[in-house]
Every structure is written in structure tokens, then in C-alpha cells.
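J.: Take this structure, written in C-alpha cells, and hold onto it; I'll ask about it next.
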Amino acid sequence: MAVEEVLDRWKAGIAAHAPEAVAANFTEDAIFQGLKPYGVGRAAVAAYYDSQPAGMTVEYEVLETRKLAEDLVLVYSKVDFSFVDRPTLTLYLSVLVKGDLIAHYQVSRLA
């Protein structure tokens, strides 16, 4: 499966403000680091996205990929989170995609 398919499912879940659908794109033991303290597992992912405002959308651009093993790909992307009531937030996202699920997710801000 192409990493874009995985990221497109993540993106669609965010646009639908469907935290459980977003979380379904992660492994059961995924390490998740958004802009709040990190969490582990789908429940942590769902709680994070449930706390996000309705109307938030995301666009991404894959900058780099590295195949680390047969079913493991490192993806580095630029992501723009857009909101209805505030400016777009640009972050950089690293994910490890294992098979067709995200096993590790970490965003960062660059100055």
C-alpha cells in the first residue's frame, strides 16, 4: 500500500471530525506525539483528535520516504492544518507506516 493512501485516510478522518476513524489508521500500540503530551494506542489518538476543533482540515506534502523494512516506511511530510477561526498552522510530520497503519507519529514546528 502506498503511504499516500494511509495519509489520505488520516486526512479524511480529520476533515470529517471522526476521531475513531482517524484512530483506526494507527496500530494498537502506536506512539503518538501531536502538540500535546504524547500518548500510546488508538484511544490516545482518538482523544487527541476529538479535542481538535470541528472544521479543521489538513493538506500534506510528502518530502521524503525511506523503506526501512519490507513492511515499514518512514515518511517525512510538511502539513498544513487549516481552521475556520484562525490562521493555518504549518508543521512537519514524521510517521512510520507499518503495513497500512501508522505505528509512530510525531509533529514538530520549525522556526
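Each chain in the C-alpha cells gets a letter, A, B, ..., in the order shown, and its residues are numbered from 1; ligands are numbered from 1 in order too.
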Check which residues of segment 1-60 of chain A sit at most 12 Å from segment 84-87 of chain A using only C-alpha atoms, and return one row each with the closest pair of atoms and their distance in Å to one decimal, ordered by chain and rising number, as JSON lines.
T.:
```
{"residue": "A:Ala15", "atom": "CA", "partner": "A:Val84", "partner_atom": "CA", "distance": 11.9}
{"residue": "A:Gln52", "atom": "CA", "partner": "A:Val84", "partner_atom": "CA", "distance": 11.8}
{"residue": "A:Pro53", "atom": "CA", "partner": "A:Val84", "partner_atom": "CA", "distance": 8.7}
{"residue": "A:Ala54", "atom": "CA", "partner": "A:Val84", "partner_atom": "CA", "distance": 8.4}
{"residue": "A:Gly55", "atom": "CA", "partner": "A:Val84", "partner_atom": "CA", "distance": 6.0}
{"residue": "A:Met56", "atom": "CA", "partner": "A:Val84", "partner_atom": "CA", "distance": 6.9}
{"residue": "A:Thr57", "atom": "CA", "partner": "A:Val84", "partner_atom": "CA", "distance": 9.1}
```
J.: So that I have them on file, write out the residues from the current selection with C-alpha atoms, as a compact mmCIF listing (two decimals), in the first residue's frame.
T.:
```
# COMPACT_ATOMS: atom_id res chain seq x y z
CA ALA A 15 -11.90 16.53 7.75
CA GLN A 52 -9.47 19.35 17.86
CA PRO A 53 -11.96 21.94 16.58
CA ALA A 54 -14.65 20.96 14.11
CA GLY A 55 -13.86 22.26 10.66
CA MET A 56 -10.13 21.57 10.93
CA THR A 57 -8.67 20.15 7.71
```
J.: Could you list, as a ChimeraX atom specification, every residue within 12 Å of Leu35 of chain A, counting only C-alpha atoms and ignoring same-chain residues fewer than 3 positions away?
T.: /A:32,38-39,45,48-49,51-52,89,91-93,105-109
J.: Out of A:Asp80, A:Asp50, A:Glu59, A:Glu64, which residue has the shortest atom-to-atom distance to Ala23 of chain A when counting only C-alpha atoms?
T.: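 Nearest to Ala23 of chain A: A:Asp50.
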J.: May I ask which of the residues A:Val58, A:Thr88, A:Lys67, A:Glu20 is the closest one to Gly41 of chain A, counting only C-alpha atoms?
T.: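 Counting only C-alpha atoms, the residue closest to Gly41 of chain A is A:Glu20.
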J.: Identify all residues of chain A in alpha helix (DSSP H) (DSSP on the backbone) and supply them as a ChimeraX atom specification.
T.: /A:3-15,19-23,42-50
J.: With distances taken over only C-alpha atoms, which of A:Val95, A:Leu63, A:Val40, A:Val6 is nearest to Val22 of chain A?
T.: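 Once distances to Val22 of chain A are computed over only C-alpha atoms, the minimum belongs to A:Val6.
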J.: Between A:Leu101, A:Ala46, A:Ala12, A:Leu7, single out the one closest to Lys78 of chain A, counting only C-alpha atoms.
T.: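 Nearest candidate to Lys78 of chain A out of A:Leu101, A:Ala46, A:Ala12, A:Leu7: A:Leu7.
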J.: Using only C-alpha atoms, which residue out of A:Lys36, A:Arg42, A:Leu68, A:Ser77 lies closest to Ser94 of chain A?
T.: A:Ser77
J.: What gap, in Å, lies between atom CA of Val97 of chain A and atom CA of Trp10 of chain A?
T.: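 One can read the atom CA of Val97 of chain A to atom CA of Trp10 of chain A distance as 11.9 Å.
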